[in-house]
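Engineer: Handing you this structure, nothing more for now.
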Amino acid sequence: MIFSTLEHILTHISFSVVSIVITILFINFSVDEIRGLYDSSEKGLIATFFCITGLLVTRWIFSGHFPLSNLYESLIFLSWSFSIIHMVSDVTKHKNSLRAITAPTTIFTQGFVTSGLLTEIHQSEILVPALQSHWLMMHVSMMVLGYAALLCGSLLSVALLAITFRKLLRILSQNNNFLNESFFFGEGKYMNERNNVLLSTSFFSSRNYYKAQLIQQLDCWGYRIISLGFSFLTIGILSGAVWANEAWGSYWNWDPKETWAFITWTVFAIYLHIRTTKNFESLNSAIVASMGFLIIWICYFGVNLLGIGLHSYGSFNLH
């Protein structure tokens, strides 16, 4: 009873703080950036992190096992993992670029987990025999940490693609306007346009330099975070194979969860291969990582909608 009450208190506090943080960020986005408000939102995310940590510990003590036995608990741990990545990004050199990705991701998952939308799978249950193993913590924690890191790294690649394509569209638009005006208004107009272009060269070059630096930062940090997530995912798949052999007598059974985990691993292995080859193109690797973003959600969340296979205990019903 005490643990259940404490769990509800921590959940409500966490959701309340997340709601306040969302309001602060919306105000900060709508008007000129206010440093004090931004610092308050960061403190709010840290407070929510400690609430979710307390929630995990409470469920661990109450249930007697590490809280990763169903989808709700894995979402709590995913939210906790995003919070860790966000706080680590605060101490990096280019923290503003990373915060723009990690902060919304952290807020969304924390708000979703603590909103009460998952009440049907909220209660902690007795572990099924297949989960009563010391491999539970090793396998599931590595998989969820891998998902969190890969999702953050993939979002950095999505941001890289958005900036790159927007830059290309602007260049094409400027070139078309310049050609059309020079064609219709003759040589005199062409000379005036040319002079205007030369006068604004320094402005555009500085802006393009900033964008080039930002793209390089996004590519570099995306590669680092995805490499970390790929390592976690590899350890999780290997430990899961050993656990499966102990529980079911086979290292691999090709059920939906295992199949999509293998597809996810393959996609990010292709990303790392492209990224580590000589004269690589950041655009090509970013496209692969962006595809991986969708595949991760299919593997982690979409497969649970089916409710079939050896991992069906992590599913939920849509009523």
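Naming works like this for the structure tokens: A, B, ... for the chains as they're shown, residue 1 at the start of each chain, ligands 1 onward in shown order.
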List as a PyMOL selection string the protein and nucleic acid residues near stretch 279-289 of chain A, meaning an atom at most 6 Å away when only C-alpha atoms are counted, but skip any in the same chain fewer than 6 places from it.
Structural biologist: chain A and resi 154+157+271
Engineer: Can you pull out the residues contacting A:Val242? Cut-off 12 Å, using only C-alpha atoms, and skip same-chain residues under 3 positions away; I want them as a short mmCIF file (atom, residue, chain, number, x, y, z; two decimals) with all heavy atoms, in the first residue's frame.
Structural biologist:
```
data_model
loop_
_atom_site.label_atom_id
_atom_site.label_comp_id
_atom_site.auth_asym_id
_atom_site.auth_seq_id
_atom_site.Cartn_x
_atom_site.Cartn_y
_atom_site.Cartn_z
N SER A 133 14.51 -14.78 -14.56
CA SER A 133 15.91 -15.08 -14.85
C SER A 133 16.77 -13.85 -14.56
O SER A 133 16.29 -12.71 -14.63
CB SER A 133 16.08 -15.51 -16.31
OG SER A 133 17.44 -15.59 -16.67
N HIS A 134 18.02 -14.10 -14.24
CA HIS A 134 18.95 -13.00 -14.01
C HIS A 134 19.29 -12.27 -15.31
O HIS A 134 19.89 -11.19 -15.29
CB HIS A 134 20.24 -13.54 -13.38
CG HIS A 134 20.94 -14.56 -14.22
ND1 HIS A 134 20.57 -15.89 -14.23
CD2 HIS A 134 21.98 -14.44 -15.11
CE1 HIS A 134 21.36 -16.56 -15.08
NE2 HIS A 134 22.21 -15.71 -15.62
N TRP A 135 18.90 -12.86 -16.46
CA TRP A 135 19.15 -12.21 -17.75
C TRP A 135 18.17 -11.07 -18.02
O TRP A 135 18.37 -10.29 -18.97
CB TRP A 135 19.05 -13.24 -18.88
CG TRP A 135 20.20 -14.19 -18.94
CD1 TRP A 135 20.21 -15.49 -18.56
CD2 TRP A 135 21.51 -13.91 -19.44
NE1 TRP A 135 21.44 -16.05 -18.76
CE2 TRP A 135 22.28 -15.09 -19.30
CE3 TRP A 135 22.14 -12.78 -19.96
CZ2 TRP A 135 23.60 -15.18 -19.68
CZ3 TRP A 135 23.46 -12.85 -20.34
CH2 TRP A 135 24.18 -14.04 -20.20
N LEU A 136 17.11 -10.96 -17.24
CA LEU A 136 16.10 -9.92 -17.48
C LEU A 136 16.72 -8.53 -17.47
O LEU A 136 16.54 -7.74 -18.40
CB LEU A 136 14.99 -10.03 -16.43
CG LEU A 136 13.94 -8.90 -16.46
CD1 LEU A 136 13.13 -8.94 -17.75
CD2 LEU A 136 13.01 -9.00 -15.25
N MET A 138 19.92 -7.64 -17.66
CA MET A 138 20.97 -7.50 -18.66
C MET A 138 20.39 -7.26 -20.06
O MET A 138 20.73 -6.30 -20.75
CB MET A 138 21.85 -8.75 -18.66
CG MET A 138 22.94 -8.75 -19.71
SD MET A 138 24.20 -7.51 -19.38
CE MET A 138 25.38 -7.90 -20.67
N HIS A 139 19.50 -8.14 -20.48
CA HIS A 139 18.98 -8.11 -21.85
C HIS A 139 18.10 -6.89 -22.10
O HIS A 139 18.35 -6.10 -23.02
CB HIS A 139 18.19 -9.39 -22.13
CG HIS A 139 17.40 -9.34 -23.39
ND1 HIS A 139 17.98 -9.18 -24.64
CD2 HIS A 139 16.05 -9.44 -23.61
CE1 HIS A 139 17.04 -9.17 -25.57
NE2 HIS A 139 15.87 -9.33 -24.97
N ILE A 235 24.90 -5.87 -27.59
CA ILE A 235 24.98 -6.60 -26.32
C ILE A 235 23.61 -7.15 -25.94
O ILE A 235 23.48 -8.29 -25.47
CB ILE A 235 25.52 -5.68 -25.21
CG1 ILE A 235 26.96 -5.26 -25.52
CG2 ILE A 235 25.46 -6.38 -23.85
CD1 ILE A 235 27.51 -4.20 -24.58
N GLY A 236 22.55 -6.34 -26.15
CA GLY A 236 21.20 -6.78 -25.82
C GLY A 236 20.76 -7.98 -26.65
O GLY A 236 20.16 -8.92 -26.11
N ILE A 237 21.07 -7.97 -27.95
CA ILE A 237 20.68 -9.10 -28.81
C ILE A 237 21.45 -10.36 -28.44
O ILE A 237 20.88 -11.46 -28.36
CB ILE A 237 20.91 -8.72 -30.29
CG1 ILE A 237 19.91 -7.65 -30.73
CG2 ILE A 237 20.78 -9.96 -31.18
CD1 ILE A 237 20.14 -7.14 -32.14
N LEU A 238 22.75 -10.22 -28.18
CA LEU A 238 23.55 -11.39 -27.81
C LEU A 238 23.10 -11.98 -26.47
O LEU A 238 22.97 -13.20 -26.33
CB LEU A 238 25.03 -11.00 -27.75
CG LEU A 238 25.69 -10.64 -29.09
CD1 LEU A 238 27.13 -10.20 -28.88
CD2 LEU A 238 25.65 -11.84 -30.04
N SER A 239 22.87 -11.11 -25.48
CA SER A 239 22.42 -11.60 -24.18
C SER A 239 21.03 -12.21 -24.30
O SER A 239 20.71 -13.21 -23.63
CB SER A 239 22.41 -10.47 -23.15
OG SER A 239 21.55 -9.42 -23.55
N ASN A 245 18.16 -19.37 -25.34
CA ASN A 245 18.62 -20.76 -25.36
C ASN A 245 18.36 -21.44 -24.01
O ASN A 245 18.02 -22.62 -23.96
CB ASN A 245 20.12 -20.80 -25.69
CG ASN A 245 20.64 -22.21 -25.83
OD1 ASN A 245 20.16 -22.99 -26.65
ND2 ASN A 245 21.63 -22.56 -25.02
N GLU A 246 18.52 -20.68 -22.92
CA GLU A 246 18.24 -21.24 -21.60
C GLU A 246 16.75 -21.46 -21.39
O GLU A 246 16.34 -22.46 -20.79
CB GLU A 246 18.77 -20.30 -20.52
CG GLU A 246 20.29 -20.25 -20.42
CD GLU A 246 20.75 -19.41 -19.24
OE1 GLU A 246 19.89 -18.90 -18.49
OE2 GLU A 246 21.98 -19.25 -19.08
N ALA A 247 15.92 -20.53 -21.89
CA ALA A 247 14.48 -20.59 -21.63
C ALA A 247 13.74 -21.48 -22.61
O ALA A 247 12.82 -22.22 -22.21
CB ALA A 247 13.89 -19.17 -21.66
N TRP A 248 14.10 -21.41 -23.90
CA TRP A 248 13.32 -22.10 -24.92
C TRP A 248 14.13 -23.14 -25.70
O TRP A 248 13.59 -23.79 -26.59
CB TRP A 248 12.74 -21.07 -25.90
CG TRP A 248 11.86 -20.06 -25.23
CD1 TRP A 248 10.86 -20.31 -24.35
CD2 TRP A 248 11.90 -18.64 -25.41
NE1 TRP A 248 10.27 -19.14 -23.95
CE2 TRP A 248 10.89 -18.08 -24.58
CE3 TRP A 248 12.69 -17.76 -26.16
CZ2 TRP A 248 10.65 -16.72 -24.50
CZ3 TRP A 248 12.45 -16.41 -26.10
CH2 TRP A 248 11.44 -15.89 -25.27
N GLY A 249 15.42 -23.27 -25.39
CA GLY A 249 16.23 -24.27 -26.04
C GLY A 249 16.71 -23.91 -27.42
O GLY A 249 17.18 -24.77 -28.18
N SER A 250 16.62 -22.64 -27.80
CA SER A 250 17.06 -22.19 -29.12
C SER A 250 17.57 -20.76 -29.01
O SER A 250 16.94 -19.92 -28.35
CB SER A 250 15.92 -22.27 -30.13
OG SER A 250 16.32 -21.74 -31.38
N TYR A 251 18.69 -20.48 -29.68
CA TYR A 251 19.26 -19.14 -29.62
C TYR A 251 18.43 -18.13 -30.40
O TYR A 251 18.42 -16.95 -30.08
CB TYR A 251 20.69 -19.14 -30.18
CG TYR A 251 21.69 -19.78 -29.25
CD1 TYR A 251 22.11 -21.09 -29.47
CD2 TYR A 251 22.22 -19.10 -28.17
CE1 TYR A 251 23.04 -21.70 -28.62
CE2 TYR A 251 23.14 -19.68 -27.31
CZ TYR A 251 23.55 -20.99 -27.54
OH TYR A 251 24.47 -21.57 -26.71
N TRP A 252 17.75 -18.56 -31.44
CA TRP A 252 17.00 -17.63 -32.30
C TRP A 252 15.76 -18.33 -32.82
O TRP A 252 15.82 -19.46 -33.30
CB TRP A 252 17.89 -17.17 -33.46
CG TRP A 252 17.42 -15.91 -34.11
CD1 TRP A 252 16.64 -15.81 -35.22
CD2 TRP A 252 17.69 -14.58 -33.70
NE1 TRP A 252 16.40 -14.48 -35.53
CE2 TRP A 252 17.04 -13.70 -34.60
CE3 TRP A 252 18.41 -14.02 -32.63
CZ2 TRP A 252 17.11 -12.31 -34.49
CZ3 TRP A 252 18.47 -12.64 -32.52
CH2 TRP A 252 17.83 -11.80 -33.44
#
```
Engineer: Rank A:Ala148, A:Ala212, A:Ile295, A:Leu78 by their smallest atom-to-atom distance to A:Phe112, using only C-alpha atoms, and report the top residue only.
Structural biologist: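 Using only C-alpha atoms, the shortest distance to A:Phe112 belongs to A:Leu78.
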Engineer: Within 9 Å of A:His65, counting only C-alpha atoms, which residues show up once you throw out same-chain ones fewer than 3 positions away? Write them as a ChimeraX atom specification, please.
Structural biologist: /A:59-62,68-69,127,132,136-137
Engineer: Write a file of the selected residues as a compact mmCIF listing (two decimals), in the first residue's frame, keeping C-alpha atoms.
Structural biologist:
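That gives us again.txt:
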```txt
# COMPACT_ATOMS: atom_id res chain seq x y z
CA ARG A 59 8.46 -0.52 -8.46
CA TRP A 60 11.66 -2.56 -8.10
CA ILE A 61 11.24 -2.84 -4.32
CA PHE A 62 7.48 -3.42 -4.52
CA LEU A 68 11.29 -4.14 -17.09
CA SER A 69 8.66 -6.87 -17.29
CA LEU A 127 6.74 -12.52 -13.75
CA GLN A 132 12.23 -15.28 -14.00
CA LEU A 136 16.10 -9.92 -17.48
CA MET A 137 18.06 -6.90 -16.29
```
Engineer: Show which residues sit within 9 Å of A:Pro67, as a ChimeraX atom specification. Count only C-alpha atoms, and ignore same-chain residues fewer than 3 positions away.
Structural biologist: /A:56-57,59-60,63-64,70,73-74,76-77,124,137
Engineer: Go ahead and write the selection's residues with C-alpha atoms as a PDB file, in the first residue's frame.
Structural biologist:
```
ATOM      1  CA  LEU A  56      11.701   2.810 -10.957  1.00  0.00           C
ATOM      2  CA  VAL A  57      13.232   2.090  -7.544  1.00  0.00           C
ATOM      3  CA  ARG A  59       8.458  -0.518  -8.461  1.00  0.00           C
ATOM      4  CA  TRP A  60      11.663  -2.561  -8.104  1.00  0.00           C
ATOM      5  CA  SER A  63       7.608  -6.117  -7.239  1.00  0.00           C
ATOM      6  CA  GLY A  64      10.850  -7.766  -6.130  1.00  0.00           C
ATOM      7  CA  ASN A  70       6.042  -5.090 -19.424  1.00  0.00           C
ATOM      8  CA  GLU A  73       7.885  -0.319 -17.235  1.00  0.00           C
ATOM      9  CA  SER A  74      10.067  -0.342 -20.349  1.00  0.00           C
ATOM     10  CA  ILE A  76       9.531   4.401 -17.906  1.00  0.00           C
ATOM     11  CA  PHE A  77      13.065   3.112 -18.406  1.00  0.00           C
ATOM     12  CA  SER A 124       3.056  -4.623 -11.779  1.00  0.00           C
ATOM     13  CA  MET A 137      18.060  -6.900 -16.291  1.00  0.00           C
TER      14      MET A 137
END
```
Engineer: Got a sec: who's within 8 Å of A:Tyr223, counting only C-alpha atoms, leaving out chain neighbours fewer than 5 positions off, as a list in words?
Structural biologist: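 The residues that qualify are Gly153, Leu272 and Arg275 of chain A.
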Engineer: Given the choices A:Phe301, A:Phe50, A:Phe230, A:Phe262, which gets closest to A:Ala149 if the distance is worked out from only C-alpha atoms?
Structural biologist: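 Checking each of A:Phe301, A:Phe50, A:Phe230, A:Phe262 against A:Ala149, counting only C-alpha atoms, the winner is A:Phe230.
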Engineer: Using only C-alpha atoms for the distances, tell me which of A:Ile107, A:Leu145, A:Val18, A:Leu98 is nearest to A:Ala159.
Structural biologist: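 Of A:Ile107, A:Leu145, A:Val18, A:Leu98, the one nearest A:Ala159 is A:Leu98, counting only C-alpha atoms.
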